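Some notes on the structure that comes next.
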Protein chains: 2
Amino acid sequence: MNQRTLLVNAARGLEPLDLLIKNVRLVNVYTLEVYPVEIGIYGGRIVSVEPPGKVERQTAAQFDGQGRYAIPGMIDTHVHIESSMMSPAGFAAAVLPRGTTTVVTDPHEIGNVLGLRGIRYMLDATSKLPLRVFVQAPSSVPAVPTLETAGAEFGAEEIGEMLDWERVIGLAEVMDYVGVINQSERMQTIIEAAAGRGMVISGHCPEVTGTDLSAYIVGGPLSDHESRTKPELIEKLRKGMTIEGVVSSFNESMTTLAEVVKEFGHVPPNLVLCTDDIYPNDLLRKGHLDEVLRTGIRSGIAPVELVRAATLNGAVRHRLYDLGAIAPGKMADIVLADDLDDFYAAEVFVNGVHVATQGNMCCELEDSRLPIEAENTVHLLRTLTEADFRLKAQIADGYQRQNVLVITPSLRRKLEVRDMLVVDGWIDLSESPDICLAAIFERHGKLGNHALALVSGLGLQEGAAATTVAHDSHNLVIVGRNPVDMALAASRLAELGGGFCSVVEGRVKAELSLPIAGLMSPLRMEEFVPKLDQVNSALRSQGFNFEQPLKGLISLALPVIPAFGMTDLGLVDVALQRIVPEPA
Amino acid sequence: MNQRTLLVNAARGLEPLDLLIKNVRLVNVYTLEVYPVEIGIYGGRIVSVEPPGKVERQTAAQFDGQGRYAIPGMIDTHVHIESSMMSPAGFAAAVLPRGTTTVVTDPHEIGNVLGLRGIRYMLDATSKLPLRVFVQAPSSVPAVPTLETAGAEFGAEEIGEMLDWERVIGLAEVMDYVGVINQSERMQTIIEAAAGRGMVISGHCPEVTGTDLSAYIVGGPLSDHESRTKPELIEKLRKGMTIEGVVSSFNESMTTLAEVVKEFGHVPPNLVLCTDDIYPNDLLRKGHLDEVLRTGIRSGIAPVELVRAATLNGAVRHRLYDLGAIAPGKMADIVLADDLDDFYAAEVFVNGVHVATQGNMCCELEDSRLPIEAENTVHLLRTLTEADFRLKAQIADGYQRQNVLVITPSLRRKLEVRDMLVVDGWIDLSESPDICLAAIFERHGKLGNHALALVSGLGLQEGAAATTVAHDSHNLVIVGRNPVDMALAASRLAELGGGFCSVVEGRVKAELSLPIAGLMSPLRMEEFVPKLDQVNSALRSQGFNFEQPLKGLISLALPVIPAFGMTDLGLVDVALQRIVPEPA
């Protein structure tokens with residue numbers, strides 16, 4: 001008998017169920033009602049949802065829901081798995097117990113390092129996970145072609161190739177909104193690759209409003225997770241964009257969205273939820289989509305309506321018609337929770353399999369162990385030495401006007417011009433205790449570009465710190481006030497194949513390797529986070545300002561977020577999309 | 001420049017707009033707000049929606065909306081165009097001025113007569129209309145294979161062929177719910193043709209509930225427009241079915257749906273609107289989707305929420321992502337109305353073209369004039385005579401128990417057994433003034449089957465009436481109490497190529513030809529309806545009971561609606577799906 005016939009027969013009671021979940025209160029995402037049901041599962045799908053005790057059924061197994069709420073498995077509509085710093089398996093093990101059962105991921109980070117091989121890796125490494133992973137083809141590799149050097153460049157041809165792969169369901173956040181609005185040839189052809197296939201095109205357009213916003217939408221992308229103000233959110237919702245409400249490691253929009261929802265009097269159908277980038281320590285301590293849900297609910301959004309946004313609305317947005325609801329025919333992705341006002345997943349089922357209980361995985365989850373995971377992706381053209389970490393001046397001695405990238409406590413990036421001491425033809429930091437030197441080395445084995453710049457606001461007082469996680473090209477970033485320590489930090493990371501390290505007085509104080517593309521670790525969250533904490537703690541003891549100093553380090557580059565960033569080609573003016581010249 | 005670039009430039013104001021609709025109040029189907037806007041249109045699409053006067057624009061034309069409400073063009077999610085008895089052009093001219101700008105049609109009726117050629121005709125005849133016509137492949141041709149003879153039989157192969165045609169967007173209402181639940185091979189393979197292509201599968205499942213309903217859903221179809229009671233509607237909405245709220249010429253579900261919506265406190269996202277079958281006189285006098293909207297609103301559903309159901313929800317259901325909203329990037333299908341509580345379309349735009357004003361078309365609308373429209377599709381194997389319209393008895397004289405199909409005033413069909421007078425070996429109606437003879441002749445040039453049956457409840461007292469519109473196989477149906485008149489009515493329709501006629505005392509009293517497949521007329525509504533009124537009036541003067549006697553005549557057959565119907569093979573028990581034997 002074919003599968004559909006078996007399912008129909010199971011629905012009718014002619015085949016025994018695989019599992020009957022009893023004693024739960026269904027959160028119905030269509031009608032917004034909550035009422036007691038029993039959920040019958042067969043072949044990974046829900047085949048019956050009936051009032052308790054109404055239907056006697058043969059079933060291979062039963063599960064007592066203990067009166068808990070049953071909501072559909074949650075759908076993260078936009079996430080960069082790489083930001084978890086864990087392999088896809090580690091990520092899955094971290095988020096499934098939180099109630100996230102489906103993610104639509106933009107493997108943008110690994111794409112910038114390994115190109116199509118990186119995207120292929122994300123698909124292969126997720127093919128057997130209990131987490132449902134759908135991929136969007138990264139639209140912005142590199143994010144800003146002429147302003148940074150990434151490990152790959154995706155044009156329409158590469159995008160088209162990816163879009164034809166299984167489980168690739170759309171074009172990921174089109175960050176180059178300027179290119180869309182100006183109809184740059186690159187953005188035109190990339191969008192056409194997706195539009196021509198009738199696929200979903202996701203967006204990213206902070207502070208784009210009015211006719212520019214309409215131009216961006218007409219140009220293709222129809223979603224955004226970067227809006228932070230009420231007027232901007234309202235305008236985008238009104239214009240039919242899908243707003244991906246977010247709580248990430250960097251910021252959140254749910255509290256403002258709660259005000260918007262209050263004004264509308266309801267959760268609009270084009271509100272969905274996402275996490276974008278969440279660091280492993282935040283995953284461990286705060287959560288995943290459950291934290292997005294809690295934040296929205298705490299801010300006043302009706303829980304049942306927000307559950308709809310986290311499930312059904314996300315499924316509709318990404319055209320995942322078998323997901324997003326507990327109803328006959330849908331995949332059996334079900335989350336049980338004690339409380340909707342303070343939502344924590346107690347039990348999680350995917351495909352009808354019990355995968356997590358009380359915050360922990362309870363099913364096998366196999367690591368992928370793909371060859372790419374053992375590759376060292378830190379390809380420097382030469383060994384870096386002390387001499388690479390000194391900034392040459394235009395004069396021999398005295399003071400010279402110099403650009404300084406200022407990182408604010410809220411991680412905004414501004415530009416200042418400062419008079420810097422010059423000694424023997426080199427910039428000298430001894431009179432500038434707030435300033436350190438930042439160096440970025442292209443690490444993809446391309447031209448070996450590098451750039452040096454002065455940075456204020458990090459707080460670093462001694463030694464050096466280095467990272468290969470540096471959005472979006474993930475080149476090798478080293479900051480410090482001591483060239484010897486900086487050179488050591490750089491060479492240590494090259495040796496490790498990427499990661500983070502802290503060096504003081506010629507010694508490595510803390511390090512964390514990220515062998516997968518210099519972005520991800522094969523360790524599980526519980527092992528990984530303590531090591532990450534050690535790095536953050538070492539950085540704090542070097543004087544770093546932030547509670548999570550790595551955040552400051554990692555976001556030095558990012559040439560797509562206002563107002564300034566730093567790449568291997570120099571300081572970037574994000575709004576003008578050009579390299580900033582040194583002051584005259 | 002490519003089209004997308006032109007659209008983006010128009011959005012930015014770099015290209016002049018084709019049309020700017022000013023001074024309207026937008027009904028926003030995302031946020032459910034109503035607020036004043038100006039709508040900019042270019043290349044058939046909406047490229048800007050901004051507050052009045054905010055943006056100065058060059059524009060080829062302006063339209064003053066006079067402060068009216070602007071709603072998206074309405075989407076009829078399930079309609080049989082043939083029931084309008086007009087050609088697709090005539091149908092379009094009738095419904096566009098009502099605010100219906102998109103229909104998803106099931107060309108089931110013409111499919112039963114002309115097979116794939118009929119479906120092809122519906123596509124060809126609608127290719128240049130300002131009405132957007134999408135087609136679903138008819139799943140039920142014939143509706144009940146072994147119980148009636150249609151002009152064609154669609155199996156998985158034919159369905160697959162149609163599904164690959166442009167503008168065919170899914171599988172039409174799967175009426176054979178018994179076949180789905182029992183997984184008949186025919187239904188399995190037909191559904192697989194659509195499911196394998198990932199296409200929308202529509203349903204039809206009156207009174208199917210509980211585990212049978214789950215089985216039906218799991219089997220494939222995910223919508224229904226046949227539910228009439230509150231519990232049934234609630235169960236189907238809860239189970240994730242799309243409910244197609246309907247006001248047709250036969251019945252309606254909107255008043256009951258209003259109670260459901262009141263109970264939920266909101267219009268669920270899986271409520272959409274449809275008209276199913278509307279006769280031309282109802283189209284003229286009552287309306288189309290506007291009447292569905294008015295009925296729902298009169299019954300207490302919030303107008304703006306119901307507008308969302310009539311537009312955005314329908315677009316989502318049928319995956320018509322460019323339709324259903326007034327927002328940047330969407331097709332410029334816009335309806336202006338004075339009042340939402342008593343909704344009548346004042347102005348209608350499709351593709352940015354002004355197509356109707358104040359209830360009348362204001363753009364050219366070309367008839368298709370395809371060769372098939374001139375074909376006579378009434379293929380009888382021989383000329384019918386008086387002798388064909390007498391019912392042979394089992395005895396020579398006396399009384400014989402005989403099945404009688406009873407049509408109730410509400411058009412329900414029951415079965416009674418009556419003792420009938422027999423004279424000279426023939427059933428004699430002289431003692432049974434409430435009974436007439438019904439004859440159905442297969443008219444598709446197949447085996448020439450025919451069946452005779454006794455019918456009560458029509459009211460006919462004299463003469464005969466005939467039709468080639470007879471759901472679902474559209475065979476030739478003649479009812480009467482006079483064999484001579486019946487034979488004349490039959491031969492007159494054969495001559496006309498189908499339609500209706502009324503015959504009394506050997507003379508045709510009224511007739512209406514439907515030359516297109518015996519189902520549709522090339523006449524426009526204003527010309528057609530008076531002729532239809534004449535036929536109805538002639539039938540009423542023959543004693544027919546109903547305000548629209550043709551309704552009773554047309555629905556004699558219909559072997560898919562409870563409880564009994566009549567086909568060319570005999571009386572059909574709909575629930576048991578078998579021919580009813582004569583009583584012992």
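Each chain in the structure tokens gets a letter, A, B, ..., in the order shown, and its residues are numbered from 1; ligands are numbered from 1 in order too.
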Quiz item: Within 6 Å of chain A, which residues of chain B show up when using only C-alpha atoms, listed as a VMD selection string?
Solution: chain B and resid 8 11 to 12 30 to 31 48 211 214 to 215 218 to 219 239 268 327 to 329
Restricted to N, CA and C atoms, what would the selected residues look like written as an mmCIF file, in the first residue's frame?
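Resulting contents of part19.cif:
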data_model
loop_
_atom_site.group_PDB
_atom_site.id
_atom_site.type_symbol
_atom_site.label_atom_id
_atom_site.label_comp_id
_atom_site.auth_asym_id
_atom_site.auth_seq_id
_atom_site.Cartn_x
_atom_site.Cartn_y
_atom_site.Cartn_z
ATOM 1 N N VAL B 8 10.760 49.309 -10.574
ATOM 2 C CA VAL B 8 11.514 49.908 -9.482
ATOM 3 C C VAL B 8 11.688 51.406 -9.731
ATOM 4 N N ALA B 11 8.543 53.170 -9.068
ATOM 5 C CA ALA B 11 8.341 53.290 -7.614
ATOM 6 C C ALA B 11 9.130 54.468 -7.060
ATOM 7 N N ARG B 12 10.319 54.689 -7.630
ATOM 8 C CA ARG B 12 11.178 55.768 -7.136
ATOM 9 C C ARG B 12 10.827 57.123 -7.737
ATOM 10 N N TYR B 30 -3.742 43.566 5.473
ATOM 11 C CA TYR B 30 -2.754 43.037 6.422
ATOM 12 C C TYR B 30 -3.071 43.543 7.831
ATOM 13 N N THR B 31 -3.162 44.864 7.944
ATOM 14 C CA THR B 31 -3.279 45.464 9.283
ATOM 15 C C THR B 31 -4.728 45.691 9.704
ATOM 16 N N SER B 48 3.328 52.225 -5.799
ATOM 17 C CA SER B 48 3.430 53.062 -4.604
ATOM 18 C C SER B 48 2.083 53.195 -3.928
ATOM 19 N N THR B 211 -13.466 11.253 12.240
ATOM 20 C CA THR B 211 -12.300 10.577 11.671
ATOM 21 C C THR B 211 -12.415 10.436 10.149
ATOM 22 N N SER B 214 -10.927 13.582 8.868
ATOM 23 C CA SER B 214 -9.456 13.533 8.929
ATOM 24 C C SER B 214 -8.914 12.655 7.809
ATOM 25 N N ALA B 215 -9.590 11.530 7.560
ATOM 26 C CA ALA B 215 -9.153 10.635 6.491
ATOM 27 C C ALA B 215 -9.209 11.342 5.140
ATOM 28 N N VAL B 218 -6.304 13.921 5.076
ATOM 29 C CA VAL B 218 -5.042 13.208 4.927
ATOM 30 C C VAL B 218 -4.933 12.658 3.502
ATOM 31 N N GLY B 219 -6.072 12.333 2.922
ATOM 32 C CA GLY B 219 -6.103 11.820 1.553
ATOM 33 C C GLY B 219 -5.766 12.866 0.505
ATOM 34 N N LYS B 239 -9.701 21.916 11.869
ATOM 35 C CA LYS B 239 -8.815 20.906 11.276
ATOM 36 C C LYS B 239 -7.997 21.461 10.118
ATOM 37 N N PRO B 268 -11.055 33.582 10.793
ATOM 38 C CA PRO B 268 -9.822 32.774 10.729
ATOM 39 C C PRO B 268 -9.161 32.892 9.353
ATOM 40 N N ALA B 327 -0.807 46.805 -2.359
ATOM 41 C CA ALA B 327 0.511 46.991 -1.754
ATOM 42 C C ALA B 327 1.538 46.991 -2.873
ATOM 43 N N PRO B 328 2.706 47.573 -2.604
ATOM 44 C CA PRO B 328 3.717 47.630 -3.664
ATOM 45 C C PRO B 328 4.019 46.235 -4.225
ATOM 46 N N GLY B 329 4.106 46.151 -5.532
ATOM 47 C CA GLY B 329 4.459 44.894 -6.178
ATOM 48 C C GLY B 329 3.277 44.046 -6.595
#
Quiz item: Can you tell me, as JSON, numbers by chain, what residues are no more than 9 Å from B:Pro562 when counting only C-alpha atoms, ignoring any on the same chain fewer than 2 positions away?
Solution: {"B": [206, 412, 413, 414, 558, 559, 560, 564, 565, 573, 574, 575]}
Residues just named, written with N, CA, C and O atoms as a CSV table (one decimal), in the first residue's frame:
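Saved file again-v9.csv follows:
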chain,number,residue,atom,x,y,z
B,206,PRO,N,-19.7,17.4,1.9
B,206,PRO,CA,-20.8,17.7,2.8
B,206,PRO,C,-21.0,16.6,3.9
B,206,PRO,O,-21.0,15.4,3.6
B,412,ARG,N,-34.4,19.4,-1.9
B,412,ARG,CA,-33.8,18.2,-1.5
B,412,ARG,C,-34.5,17.0,-2.2
B,412,ARG,O,-35.6,17.1,-2.6
B,413,ARG,N,-33.7,15.9,-2.3
B,413,ARG,CA,-34.3,14.8,-3.1
B,413,ARG,C,-34.5,13.6,-2.2
B,413,ARG,O,-33.5,13.1,-1.6
B,414,LYS,N,-35.7,13.1,-2.1
B,414,LYS,CA,-36.0,11.9,-1.3
B,414,LYS,C,-36.5,10.8,-2.2
B,414,LYS,O,-36.8,11.0,-3.4
B,558,LEU,N,-27.6,15.2,-10.6
B,558,LEU,CA,-26.7,15.5,-9.5
B,558,LEU,C,-26.5,14.3,-8.5
B,558,LEU,O,-26.9,14.3,-7.4
B,559,PRO,N,-25.8,13.3,-9.0
B,559,PRO,CA,-25.6,12.1,-8.1
B,559,PRO,C,-24.6,12.2,-7.0
B,559,PRO,O,-24.2,11.3,-6.4
B,560,VAL,N,-24.2,13.5,-6.7
B,560,VAL,CA,-23.2,13.7,-5.6
B,560,VAL,C,-23.8,14.5,-4.4
B,560,VAL,O,-23.1,14.8,-3.5
B,564,PHE,N,-30.8,11.4,-3.2
B,564,PHE,CA,-31.1,10.6,-4.4
B,564,PHE,C,-31.0,11.5,-5.6
B,564,PHE,O,-31.3,12.7,-5.6
B,565,GLY,N,-30.6,10.9,-6.7
B,565,GLY,CA,-30.5,11.6,-8.0
B,565,GLY,C,-30.9,10.7,-9.1
B,565,GLY,O,-31.1,9.5,-8.9
B,573,ASP,N,-28.7,6.1,-5.4
B,573,ASP,CA,-28.7,6.3,-4.0
B,573,ASP,C,-27.3,6.9,-3.7
B,573,ASP,O,-26.3,6.2,-3.9
B,574,VAL,N,-27.3,8.2,-3.4
B,574,VAL,CA,-26.0,8.9,-3.3
B,574,VAL,C,-25.1,8.4,-2.2
B,574,VAL,O,-23.9,8.2,-2.3
B,575,ALA,N,-25.7,8.1,-1.0
B,575,ALA,CA,-25.0,7.6,0.1
B,575,ALA,C,-24.4,6.2,-0.2
B,575,ALA,O,-23.2,6.0,0.1
Exercise. Run DSSP on the backbone of this structure and report the residues of stretch 84-143 of chain A it assigns to strand (DSSP E), as a list in words.
Key: Thr100, Thr101, Thr102, Val103, Val104, Thr105, Arg132, Val133, Phe134, Val135, Gln136 and Ala137 of chain A
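Every protein, DNA or RNA residue with an atom at most 8 Å from stretch 420-436 of chain A, where only C-alpha atoms count and chain neighbours fewer than 6 positions away do not, is listed here: Arg390, Leu391, Lys392, Ala393, Gln394, Ile395, Ala396, Asp397, Gly398, Tyr399, Gln400, Arg401, Gln402, Leu454, Val455, Ser456, Gly457, Leu458, Gly459, Leu460, Gln461, Val479, Gly480 and Arg481 of chain A.
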Quiz item: How many Å separate atom CA of A:Thr385 from atom CA of A:Ala494?
Solution: 12.6 Å
Quiz item: In Å, with one decimal, what is the gap from atom CA of A:Ala489 to atom CA of A:Ala510?
Solution: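 Atom-to-atom, atom CA of A:Ala489 and atom CA of A:Ala510 are spaced 10.2 Å apart.
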For A:Asp485, find every residue with an atom within 8 Å (counting only C-alpha atoms), except residues of its own chain fewer than 3 positions away, and show them as an mmCIF file with C-alpha atoms, in the first residue's frame.
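Once written, result_6.cif looks like this:
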data_model
loop_
_atom_site.group_PDB
_atom_site.id
_atom_site.type_symbol
_atom_site.label_atom_id
_atom_site.label_comp_id
_atom_site.auth_asym_id
_atom_site.auth_seq_id
_atom_site.Cartn_x
_atom_site.Cartn_y
_atom_site.Cartn_z
ATOM 1 C CA GLY A 463 47.781 42.246 24.846
ATOM 2 C CA ALA A 464 45.801 41.230 21.806
ATOM 3 C CA GLY A 480 45.631 44.959 20.340
ATOM 4 C CA ASN A 482 51.092 45.214 21.440
ATOM 5 C CA LEU A 488 51.144 35.635 18.210
ATOM 6 C CA ALA A 489 47.347 35.770 18.319
ATOM 7 C CA VAL A 503 47.152 36.829 24.186
ATOM 8 C CA VAL A 504 48.871 38.809 26.937
ATOM 9 C CA GLU A 505 52.586 39.307 27.365
ATOM 10 C CA GLY A 506 53.560 36.752 24.786
ATOM 11 C CA ARG A 507 51.313 34.014 26.133
#
Could I get the residues of stretch 93-204 of chain B with an atom no further than 12 Å from an atom of stretch 332-342 of chain B, each paired with its nearest atom pair and that distance in Å to one decimal, using only C-alpha atoms, sorted by chain and residue number, as CSV?
residue,atom,partner,partner_atom,distance
B:Leu96,CA,B:Val335,CA,9.7
B:Pro97,CA,B:Val335,CA,9.2
B:Arg98,CA,B:Val335,CA,8.9
B:Gly99,CA,B:Val335,CA,5.8
B:Thr100,CA,B:Val335,CA,8.6
B:Thr101,CA,B:Asp333,CA,6.8
B:Thr102,CA,B:Asp333,CA,8.9
B:Pro130,CA,B:Asp333,CA,10.2
B:Leu131,CA,B:Asp333,CA,9.8
B:Arg132,CA,B:Asp333,CA,9.7
Store the residues picked out above in a file with all heavy atoms, as an mmCIF file, in the first residue's frame.
data_model
loop_
_atom_site.group_PDB
_atom_site.id
_atom_site.type_symbol
_atom_site.label_atom_id
_atom_site.label_comp_id
_atom_site.auth_asym_id
_atom_site.auth_seq_id
_atom_site.Cartn_x
_atom_site.Cartn_y
_atom_site.Cartn_z
ATOM 1 N N LEU B 96 -17.174 41.338 -13.328
ATOM 2 C CA LEU B 96 -16.191 42.412 -13.104
ATOM 3 C C LEU B 96 -16.841 43.648 -12.473
ATOM 4 O O LEU B 96 -16.307 44.192 -11.500
ATOM 5 C CB LEU B 96 -15.474 42.764 -14.410
ATOM 6 C CG LEU B 96 -14.328 41.825 -14.818
ATOM 7 C CD1 LEU B 96 -13.919 42.084 -16.263
ATOM 8 C CD2 LEU B 96 -13.127 41.965 -13.883
ATOM 9 N N PRO B 97 -17.987 44.094 -12.983
ATOM 10 C CA PRO B 97 -18.587 45.291 -12.376
ATOM 11 C C PRO B 97 -19.014 45.068 -10.917
ATOM 12 O O PRO B 97 -19.315 46.016 -10.203
ATOM 13 C CB PRO B 97 -19.808 45.564 -13.256
ATOM 14 C CG PRO B 97 -19.500 44.895 -14.561
ATOM 15 C CD PRO B 97 -18.721 43.665 -14.184
ATOM 16 N N ARG B 98 -19.027 43.820 -10.489
ATOM 17 C CA ARG B 98 -19.386 43.504 -9.104
ATOM 18 C C ARG B 98 -18.162 43.530 -8.198
ATOM 19 O O ARG B 98 -18.277 43.337 -6.993
ATOM 20 C CB ARG B 98 -20.026 42.115 -9.049
ATOM 21 C CG ARG B 98 -21.323 42.003 -9.832
ATOM 22 C CD ARG B 98 -22.316 43.081 -9.394
ATOM 23 N NE ARG B 98 -23.665 42.749 -9.813
ATOM 24 C CZ ARG B 98 -24.742 43.050 -9.083
ATOM 25 N NH1 ARG B 98 -24.620 43.704 -7.938
ATOM 26 N NH2 ARG B 98 -25.937 42.728 -9.515
ATOM 27 N N GLY B 99 -16.985 43.644 -8.783
ATOM 28 C CA GLY B 99 -15.775 43.705 -7.958
ATOM 29 C C GLY B 99 -14.991 42.411 -7.907
ATOM 30 O O GLY B 99 -13.961 42.329 -7.245
ATOM 31 N N THR B 100 -15.481 41.384 -8.603
ATOM 32 C CA THR B 100 -14.718 40.137 -8.719
ATOM 33 C C THR B 100 -13.702 40.315 -9.836
ATOM 34 O O THR B 100 -14.085 40.512 -10.982
ATOM 35 C CB THR B 100 -15.644 38.964 -9.078
ATOM 36 O OG1 THR B 100 -16.690 38.891 -8.108
ATOM 37 C CG2 THR B 100 -14.871 37.647 -9.116
ATOM 38 N N THR B 101 -12.422 40.243 -9.512
ATOM 39 C CA THR B 101 -11.408 40.452 -10.552
ATOM 40 C C THR B 101 -10.627 39.179 -10.843
ATOM 41 O O THR B 101 -9.922 39.112 -11.840
ATOM 42 C CB THR B 101 -10.433 41.566 -10.147
ATOM 43 O OG1 THR B 101 -9.831 41.223 -8.899
ATOM 44 C CG2 THR B 101 -11.154 42.902 -10.015
ATOM 45 N N THR B 102 -10.739 38.191 -9.969
ATOM 46 C CA THR B 102 -10.050 36.910 -10.177
ATOM 47 C C THR B 102 -11.010 35.782 -9.831
ATOM 48 O O THR B 102 -11.695 35.844 -8.812
ATOM 49 C CB THR B 102 -8.810 36.800 -9.261
ATOM 50 O OG1 THR B 102 -7.866 37.806 -9.627
ATOM 51 C CG2 THR B 102 -8.146 35.431 -9.381
ATOM 52 N N PRO B 130 -10.187 40.710 -19.347
ATOM 53 C CA PRO B 130 -9.659 41.484 -18.216
ATOM 54 C C PRO B 130 -9.870 40.766 -16.875
ATOM 55 O O PRO B 130 -9.199 41.078 -15.895
ATOM 56 C CB PRO B 130 -10.451 42.799 -18.275
ATOM 57 C CG PRO B 130 -11.644 42.532 -19.132
ATOM 58 C CD PRO B 130 -11.291 41.396 -20.039
ATOM 59 N N LEU B 131 -10.792 39.821 -16.838
ATOM 60 C CA LEU B 131 -10.943 38.994 -15.632
ATOM 61 C C LEU B 131 -9.793 38.003 -15.578
ATOM 62 O O LEU B 131 -9.458 37.372 -16.584
ATOM 63 C CB LEU B 131 -12.279 38.239 -15.708
ATOM 64 C CG LEU B 131 -12.639 37.351 -14.515
ATOM 65 C CD1 LEU B 131 -12.994 38.199 -13.296
ATOM 66 C CD2 LEU B 131 -13.817 36.427 -14.864
ATOM 67 N N ARG B 132 -9.184 37.866 -14.397
ATOM 68 C CA ARG B 132 -8.144 36.841 -14.252
ATOM 69 C C ARG B 132 -8.821 35.503 -13.998
ATOM 70 O O ARG B 132 -9.493 35.332 -12.992
ATOM 71 C CB ARG B 132 -7.246 37.145 -13.050
ATOM 72 C CG ARG B 132 -6.415 38.371 -13.212
ATOM 73 C CD ARG B 132 -5.483 38.585 -12.031
ATOM 74 N NE ARG B 132 -5.087 39.978 -11.998
ATOM 75 C CZ ARG B 132 -4.171 40.525 -12.798
ATOM 76 N NH1 ARG B 132 -3.537 39.766 -13.675
ATOM 77 N NH2 ARG B 132 -3.890 41.811 -12.724
#
Self-check item: In stretch 362-565 of chain A, DSSP helix (DSSP H, G or I) residues written as an NGL selection string
Solution: :A and (371-374 or 386-389 or 483-496 or 525-541 or 549-554)
For the residues selected in the previous step, produce a file with C-alpha atoms as an mmCIF file, in the first residue's frame.
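The new file part.cif reads:
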data_model
loop_
_atom_site.group_PDB
_atom_site.id
_atom_site.type_symbol
_atom_site.label_atom_id
_atom_site.label_comp_id
_atom_site.auth_asym_id
_atom_site.auth_seq_id
_atom_site.Cartn_x
_atom_site.Cartn_y
_atom_site.Cartn_z
ATOM 1 C CA PRO A 371 35.665 15.823 5.434
ATOM 2 C CA ILE A 372 35.210 19.572 5.158
ATOM 3 C CA GLU A 373 35.006 19.798 8.940
ATOM 4 C CA ALA A 374 38.686 18.878 9.205
ATOM 5 C CA GLU A 386 55.313 41.925 14.636
ATOM 6 C CA ALA A 387 55.995 44.248 11.687
ATOM 7 C CA ASP A 388 52.538 43.600 10.285
ATOM 8 C CA PHE A 389 50.955 45.206 13.321
ATOM 9 C CA PRO A 483 52.443 44.118 18.020
ATOM 10 C CA VAL A 484 54.185 41.044 19.445
ATOM 11 C CA ASP A 485 51.019 39.768 21.089
ATOM 12 C CA MET A 486 49.005 40.578 17.949
ATOM 13 C CA ALA A 487 51.352 38.534 15.774
ATOM 14 C CA LEU A 488 51.144 35.635 18.210
ATOM 15 C CA ALA A 489 47.347 35.770 18.319
ATOM 16 C CA ALA A 490 47.227 35.756 14.520
ATOM 17 C CA SER A 491 49.569 32.832 14.093
ATOM 18 C CA ARG A 492 47.854 30.850 16.829
ATOM 19 C CA LEU A 493 44.493 31.181 15.046
ATOM 20 C CA ALA A 494 46.084 30.239 11.734
ATOM 21 C CA GLU A 495 47.362 27.115 13.449
ATOM 22 C CA LEU A 496 44.003 26.285 15.027
ATOM 23 C CA MET A 525 26.669 23.588 23.682
ATOM 24 C CA GLU A 526 27.241 22.370 27.242
ATOM 25 C CA GLU A 527 30.933 21.795 26.571
ATOM 26 C CA PHE A 528 31.377 24.722 24.271
ATOM 27 C CA VAL A 529 29.887 27.567 26.270
ATOM 28 C CA PRO A 530 32.259 27.254 29.274
ATOM 29 C CA LYS A 531 35.178 27.579 26.874
ATOM 30 C CA LEU A 532 33.574 30.576 25.256
ATOM 31 C CA ASP A 533 33.022 32.067 28.694
ATOM 32 C CA GLN A 534 36.745 31.652 29.370
ATOM 33 C CA VAL A 535 37.605 33.613 26.246
ATOM 34 C CA ASN A 536 35.160 36.363 27.139
ATOM 35 C CA SER A 537 36.495 36.418 30.650
ATOM 36 C CA ALA A 538 40.104 36.659 29.418
ATOM 37 C CA LEU A 539 39.108 39.512 27.135
ATOM 38 C CA ARG A 540 37.352 41.294 29.982
ATOM 39 C CA SER A 541 40.490 41.016 32.057
ATOM 40 C CA PRO A 549 33.636 41.224 24.583
ATOM 41 C CA LEU A 550 33.549 38.883 21.587
ATOM 42 C CA LYS A 551 30.453 40.703 20.387
ATOM 43 C CA GLY A 552 32.492 43.854 19.994
ATOM 44 C CA LEU A 553 35.303 42.006 18.302
ATOM 45 C CA ILE A 554 33.092 40.071 15.913
#
Self-check item: Minimum-distance residue to B:Gly65, chosen among B:Val348, B:Leu129, B:Ile110, B:Ala466 (using only C-alpha atoms)
Solution: B:Val348
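For the pair atom CA of A:Val104 and atom CA of A:Gln136, the separation is 6.9 Å.
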Exercise. Determine, counting only C-alpha atoms, which protein, DNA and RNA residues have an atom within 7 Å of an atom of A:Leu380; residues of the same chain fewer than 3 positions away are not included. Present the result as number ranges by chain.
Key: A: 443, 445, 448
